[in-house]
>>> print(open('structure_31.txt').read())   # compact mmCIF, C-alpha atoms
# COMPACT_ATOMS: atom_id res chain seq x y z
CA ARG A 1 31.99 56.99 8.91
CA GLU A 2 31.27 55.08 5.71
CA VAL A 3 28.73 52.78 7.37
CA ARG A 4 25.31 52.96 5.76
CA THR A 5 23.78 49.62 6.70
CA LEU A 6 23.85 47.56 9.89
CA VAL A 7 23.27 43.81 9.42
CA LEU A 8 22.54 41.63 12.44
CA ASP A 9 22.16 37.87 11.89
CA GLU A 10 20.45 35.46 14.33
CA VAL A 11 18.62 38.43 15.84
CA SER A 12 16.44 36.11 17.94
CA MET A 13 19.50 35.39 20.10
CA ALA A 14 20.24 39.10 20.63
CA ASP A 15 18.39 40.17 23.76
CA ALA A 16 16.65 43.52 24.23
CA GLU A 17 19.44 44.90 26.38
CA PHE A 18 22.00 44.31 23.63
CA ILE A 19 19.76 45.92 20.99
CA ASP A 20 19.24 48.97 23.22
CA TRP A 21 22.99 49.17 23.81
CA ILE A 22 23.79 49.16 20.08
CA GLU A 23 21.07 51.69 19.31
CA ALA A 24 22.20 54.10 22.02
CA HIS A 25 25.86 53.95 21.01
CA VAL A 26 25.17 54.41 17.29
CA ARG A 27 22.88 57.35 17.97
CA GLU A 28 25.46 58.91 20.31
CA LEU A 29 28.20 58.49 17.70
CA VAL A 30 26.08 60.18 15.03
CA ALA A 31 25.19 63.02 17.40
CA ARG A 32 28.86 63.59 18.26
CA GLU A 33 30.29 63.37 14.74
CA GLY A 34 27.21 63.96 12.65
CA LYS A 35 28.79 66.73 10.57
CA GLN A 36 31.32 64.26 9.21
CA TYR A 37 28.61 61.90 7.97
CA SER A 38 26.41 62.13 4.92
CA PRO A 39 22.96 63.74 5.15
CA TRP A 40 21.41 60.35 5.95
CA ALA A 41 22.83 60.49 9.50
CA LYS A 42 20.21 61.80 11.92
CA ALA A 43 20.71 61.59 15.66
CA ASP A 44 16.95 61.86 16.28
CA GLN A 45 16.26 58.71 14.25
CA PRO A 46 16.48 55.10 15.52
CA PHE A 47 20.04 53.79 15.15
CA GLY A 48 21.14 57.22 13.95
CA GLY A 49 19.35 56.78 10.63
CA LEU A 50 21.27 53.65 9.61
CA GLN A 51 19.56 51.20 7.30
CA LEU A 52 18.87 48.05 9.35
CA ILE A 53 18.79 44.46 8.11
CA PHE A 54 17.94 42.07 10.94
CA VAL A 55 17.84 38.38 10.02
CA GLY A 56 16.50 35.59 12.20
CA ASP A 57 13.59 33.42 13.30
CA PHE A 58 11.97 34.15 16.66
CA CYS A 59 10.46 30.65 16.63
CA GLN A 60 13.93 29.13 16.89
CA LEU A 61 16.80 30.20 19.13
CA PRO A 62 15.79 32.48 22.05
CA PRO A 63 18.01 35.09 23.73
CA VAL A 64 20.70 33.59 25.93
CA PRO A 65 20.64 35.02 29.50
CA GLY A 66 23.94 33.48 30.58
CA SER A 67 24.38 35.75 33.60
CA GLU A 68 24.32 35.14 37.34
CA VAL A 69 25.04 38.79 38.17
CA SER A 70 22.07 40.26 40.04
CA LEU A 71 20.95 43.79 40.88
CA ALA A 72 20.21 42.41 44.35
CA SER A 73 23.96 42.22 44.97
CA PRO A 74 25.33 45.22 46.93
CA GLN A 75 28.63 44.92 45.04
CA VAL A 76 26.86 45.31 41.69
CA LEU A 77 24.93 48.37 42.85
CA GLN A 78 28.06 49.95 44.32
CA SER A 79 29.97 49.35 41.09
CA TRP A 80 27.14 50.91 39.06
CA GLU A 81 27.04 53.94 41.37
CA ARG A 82 30.81 54.49 41.14
CA ALA A 83 30.64 54.36 37.34
CA SER A 84 27.83 56.93 37.30
CA ARG A 85 29.45 59.58 39.51
CA THR A 86 31.94 62.30 38.61
CA GLN A 87 35.33 62.69 40.27
CA CYS A 88 33.79 65.35 42.52
CA GLY A 89 31.11 62.95 43.73
CA GLY A 90 28.21 64.31 41.69
CA TRP A 91 26.15 62.36 39.19
CA LEU A 92 27.10 62.20 35.52
CA GLU A 93 24.84 63.98 33.06
CA ARG A 94 24.08 60.60 31.51
CA VAL A 95 23.89 58.06 34.30
CA LYS A 96 25.24 54.68 33.28
CA VAL A 97 22.57 51.98 33.33
CA PRO A 98 23.51 48.58 34.82
CA VAL A 99 23.94 46.01 32.06
CA GLY A 100 24.56 42.29 32.00
CA CYS A 101 22.37 41.49 35.01
CA LYS A 102 19.99 38.55 35.01
CA GLU A 103 17.07 40.90 35.72
CA THR A 104 17.64 42.69 32.43
CA LYS A 105 19.07 39.90 30.24
CA GLY A 106 17.12 37.42 28.15
CA LYS A 107 14.32 39.69 26.90
CA TRP A 108 13.33 39.50 23.23
CA ALA A 109 14.79 42.05 20.80
CA PHE A 110 11.33 43.13 19.67
CA GLN A 111 10.46 44.14 23.24
CA THR A 112 12.52 47.33 22.89
CA CYS A 113 11.22 50.80 22.06
CA CYS A 114 13.88 51.23 19.38
CA TRP A 115 12.57 48.12 17.58
CA ARG A 116 9.10 49.67 17.47
CA ASP A 117 10.44 53.04 16.35
CA ALA A 118 12.53 51.46 13.57
CA ARG A 119 9.32 50.30 11.81
CA PHE A 120 10.79 47.22 10.20
CA GLU A 121 9.39 45.77 7.00
CA CYS A 122 9.10 42.01 7.44
CA ILE A 123 10.21 39.79 4.55
CA GLU A 124 9.63 36.05 4.95
CA LEU A 125 12.06 33.70 3.21
CA GLN A 126 10.14 30.55 2.30
CA LYS A 127 12.60 28.41 0.31
CA CYS A 128 15.02 26.14 2.17
CA TYR A 129 18.44 25.74 0.53
CA ARG A 130 20.11 23.59 3.19
CA THR A 131 18.17 20.40 2.57
CA GLY A 132 15.47 18.97 0.35
CA ASP A 133 14.74 15.97 2.56
CA PRO A 134 10.95 16.12 3.17
CA ILE A 135 11.16 14.11 6.43
CA LEU A 136 13.66 16.55 7.93
CA LEU A 137 11.94 19.66 6.59
CA ASN A 138 8.49 18.67 7.86
CA ALA A 139 9.90 17.85 11.28
CA LEU A 140 11.76 21.18 11.48
CA HIS A 141 8.62 23.12 10.57
CA GLU A 142 6.69 21.47 13.40
CA LEU A 143 9.51 21.80 15.92
CA ARG A 144 9.80 25.55 15.36
CA ARG A 145 6.09 25.79 16.19
CA GLY A 146 6.65 23.85 19.42
CA HIS A 147 4.93 20.65 18.23
CA ALA A 148 7.48 18.14 19.49
CA SER A 149 4.98 15.24 19.45
CA HIS A 150 3.75 15.89 15.92
CA PRO A 151 3.73 12.82 13.61
CA ALA A 152 6.25 14.55 11.32
CA VAL A 153 8.71 14.73 14.22
CA GLN A 154 8.10 11.12 15.16
CA ARG A 155 8.83 10.06 11.57
CA LEU A 156 12.21 11.81 11.77
CA VAL A 157 12.98 10.12 15.09
CA GLN A 158 12.10 6.71 13.65
CA ALA A 159 14.18 7.35 10.53
CA THR A 160 17.25 8.23 12.59
CA GLN A 161 17.03 5.54 15.27
CA ARG A 162 19.93 3.51 14.00
CA PRO A 163 23.18 2.68 15.79
CA LEU A 164 26.25 4.69 14.79
CA PRO A 165 29.33 2.69 15.81
CA PRO A 166 32.70 4.40 16.32
CA ARG A 167 34.92 4.80 13.29
CA GLY A 168 37.92 2.60 12.71
CA ASP A 169 40.17 5.15 14.41
CA GLY A 170 37.99 5.12 17.54
CA ILE A 171 36.31 8.50 16.99
CA LYS A 172 32.70 8.38 18.18
CA PRO A 173 29.77 10.11 16.47
CA THR A 174 28.97 13.58 17.84
CA VAL A 175 26.07 13.65 20.30
CA LEU A 176 23.82 16.73 20.24
CA TYR A 177 21.92 18.01 23.28
CA ALA A 178 19.44 20.84 23.75
CA THR A 179 20.88 22.18 27.03
CA LYS A 180 24.35 22.99 28.39
CA LYS A 181 23.58 20.90 31.49
CA ALA A 182 23.18 17.75 29.41
CA VAL A 183 26.34 18.56 27.43
CA GLU A 184 28.38 19.00 30.60
CA ALA A 185 27.07 15.69 31.97
CA GLU A 186 28.05 13.88 28.77
CA ASN A 187 31.53 15.45 28.83
CA ARG A 188 32.05 14.46 32.46
CA ASP A 189 31.05 10.87 31.73
CA GLU A 190 33.41 10.63 28.79
CA LEU A 191 36.30 12.21 30.71
CA ARG A 192 35.85 9.69 33.55
CA ARG A 193 36.24 6.86 31.03
CA LEU A 194 39.66 8.07 29.90
CA ASP A 195 42.67 6.04 30.99
CA PRO A 196 44.92 8.25 33.17
CA ALA A 197 47.91 6.31 31.87
CA THR A 198 47.38 7.87 28.42
CA GLU A 199 47.81 11.42 29.74
CA ARG A 200 50.30 13.50 27.76
CA VAL A 201 51.76 16.95 28.44
CA TYR A 202 52.62 19.16 25.49
CA LYS A 203 54.76 22.27 25.87
CA ALA A 204 54.65 25.18 23.45
CA LEU A 205 56.27 28.58 23.13
CA ASP A 206 54.32 31.32 21.39
CA CYS A 207 55.87 34.53 20.18
CA GLU A 208 54.75 37.50 18.14
CA GLU A 209 56.84 39.00 15.37
CA PRO A 210 56.91 42.79 15.15
CA ASP A 211 54.89 44.40 12.40
CA LEU A 212 57.57 46.18 10.38
CA ASP A 213 54.99 47.96 8.21
CA SER A 214 53.38 49.83 11.10
>>> encode(input="structure_31.txt", output="structure tokens")
Amino acid sequence: REVRTLVLDEVSMADAEFIDWIEAHVRELVAREGKQYSPWAKADQPFGGLQLIFVGDFCQLPPVPGSEVSLASPQVLQSWERASRTQCGGWLERVKVPVGCKETKGKWAFQTCCWRDARFECIELQKCYRTGDPILLNALHELRRGHASHPAVQRLVQATQRPLPPRGDGIKPTVLYATKKAVEAENRDELRRLDPATERVYKALDCEEPDLDS
């Protein structure tokens, strides 16, 4: 009830379905308990009248679909129908919309009606605080534009093409990949190289102490 501002970081990774879900729930909450909020709360406004601060770069990380659930599945449709009916078999006043399906996941946040209605003011941050290395910065600027073969990117590749041997304790340098498929392949290869004779089993017992203050 004291919330005035909603901050969402890495908004480029939040798909349209998630943004719609947040907007609908905030608006519903304000409509149900609006009298207990300050005058700023308005159920007819996007996100219930909350101030919105969305931070991110749509030229970088895209929304993550990450779902194999499909509306073509009879089980999914039956589950959605059961959730949308009353105990007497009729339809709810507000029918529940299927969420989390691959047909509706992975759309950009700015492709929602609530994004348009919110009328965001765009502020571009132009100073980089993470690094001052010109080779890295120039390469990152071209990569975010999709120019993977740009000379600035090639200079970064050339500058980093040096062998990184394992440390004295045997720990290898971390390898970064752009896709989960490549990561899983690397992990499988490394696991196959492990000596089964070095396998160890560790047993642990976890317990939770009661909260005496509650």
>>> atom_distance(input="structure_31.txt", atom1="atom CA of Glu121 of chain A", atom2="atom CA of Arg32 of chain A")
28.7 Å
>>> closest_residue(input="structure_31.txt", among="A:Lys180, A:Lys127, A:Arg155, A:His150", to="Val64 of chain A", atoms="all atoms listed in the file")
A:Lys180
>>> residues_around(input="structure_31.txt", residues="Ala14 of chain A", least_positions_apart="6", cutoff="9 Å", atoms="only C-alpha atoms", output="list in words")
Leu8, Pro62, Pro63, Val64, Gly106, Lys107, Trp108 and Ala109 of chain A
>>> residues_around(input="structure_31.txt", residues="segment 46-51 of chain A", least_positions_apart="2", cutoff="8 Å", atoms="all atoms listed in the file", output="list in words")
Val3, Arg4, Thr5, Leu6, Ile22, Glu23, Ala24, Val26, Arg27, Glu28, Val30, Ala31, Trp40, Ala41, Lys42, Ala43, Asp44, Ile53, Cys114, Asp117 and Ala118 of chain A
>>> write_last_selection(input="structure_31.txt", atoms="C-alpha atoms", output="PDB file, in the frame of the given file")
ATOM      1  CA  VAL A   3      28.730  52.780   7.370  1.00  0.00           C
ATOM      2  CA  ARG A   4      25.310  52.960   5.760  1.00  0.00           C
ATOM      3  CA  THR A   5      23.780  49.620   6.700  1.00  0.00           C
ATOM      4  CA  LEU A   6      23.850  47.560   9.890  1.00  0.00           C
ATOM      5  CA  ILE A  22      23.790  49.160  20.080  1.00  0.00           C
ATOM      6  CA  GLU A  23      21.070  51.690  19.310  1.00  0.00           C
ATOM      7  CA  ALA A  24      22.200  54.100  22.020  1.00  0.00           C
ATOM      8  CA  VAL A  26      25.170  54.410  17.290  1.00  0.00           C
ATOM      9  CA  ARG A  27      22.880  57.350  17.970  1.00  0.00           C
ATOM     10  CA  GLU A  28      25.460  58.910  20.310  1.00  0.00           C
ATOM     11  CA  VAL A  30      26.080  60.180  15.030  1.00  0.00           C
ATOM     12  CA  ALA A  31      25.190  63.020  17.400  1.00  0.00           C
ATOM     13  CA  TRP A  40      21.410  60.350   5.950  1.00  0.00           C
ATOM     14  CA  ALA A  41      22.830  60.490   9.500  1.00  0.00           C
ATOM     15  CA  LYS A  42      20.210  61.800  11.920  1.00  0.00           C
ATOM     16  CA  ALA A  43      20.710  61.590  15.660  1.00  0.00           C
ATOM     17  CA  ASP A  44      16.950  61.860  16.280  1.00  0.00           C
ATOM     18  CA  ILE A  53      18.790  44.460   8.110  1.00  0.00           C
ATOM     19  CA  CYS A 114      13.880  51.230  19.380  1.00  0.00           C
ATOM     20  CA  ASP A 117      10.440  53.040  16.350  1.00  0.00           C
ATOM     21  CA  ALA A 118      12.530  51.460  13.570  1.00  0.00           C
TER      22      ALA A 118
END
>>> atom_distance(input="structure_31.txt", atom1="atom CA of Ser12 of chain A", atom2="atom CA of Phe58 of chain A")
5.0 Å
>>> closest_residue(input="structure_31.txt", among="A:Ser70, A:Asn187, A:Thr112, A:Ser79", to="Ala16 of chain A", atoms="only C-alpha atoms")
A:Thr112
>>> closest_residue(input="structure_31.txt", among="A:Ile19, A:Ala159, A:Cys207, A:Leu164", to="Cys113 of chain A", atoms="all atoms listed in the file")
A:Ile19
>>> atom_distance(input="structure_31.txt", atom1="atom CA of Ile123 of chain A", atom2="atom CA of Asp15 of chain A")
20.9 Å
>>> closest_residue(input="structure_31.txt", among="A:Cys88, A:Val157, A:Cys122, A:Leu77", to="Ala139 of chain A", atoms="all atoms listed in the file")
A:Val157
>>> closest_residue(input="structure_31.txt", among="A:Trp21, A:Phe120, A:Trp80, A:Trp91", to="Phe54 of chain A", atoms="all atoms listed in the file")
A:Phe120
>>> residues_around(input="structure_31.txt", residues="Leu140 of chain A", least_positions_apart="6", cutoff="10 Å", atoms="all atoms listed in the file", output="MDAnalysis selection string")
chainID A and resid 60 134 146:148 152:153 156
>>> closest_residue(input="structure_31.txt", among="A:Pro196, A:Pro151, A:Pro74, A:Gly56", to="Ile135 of chain A", atoms="all atoms listed in the file")
A:Pro151
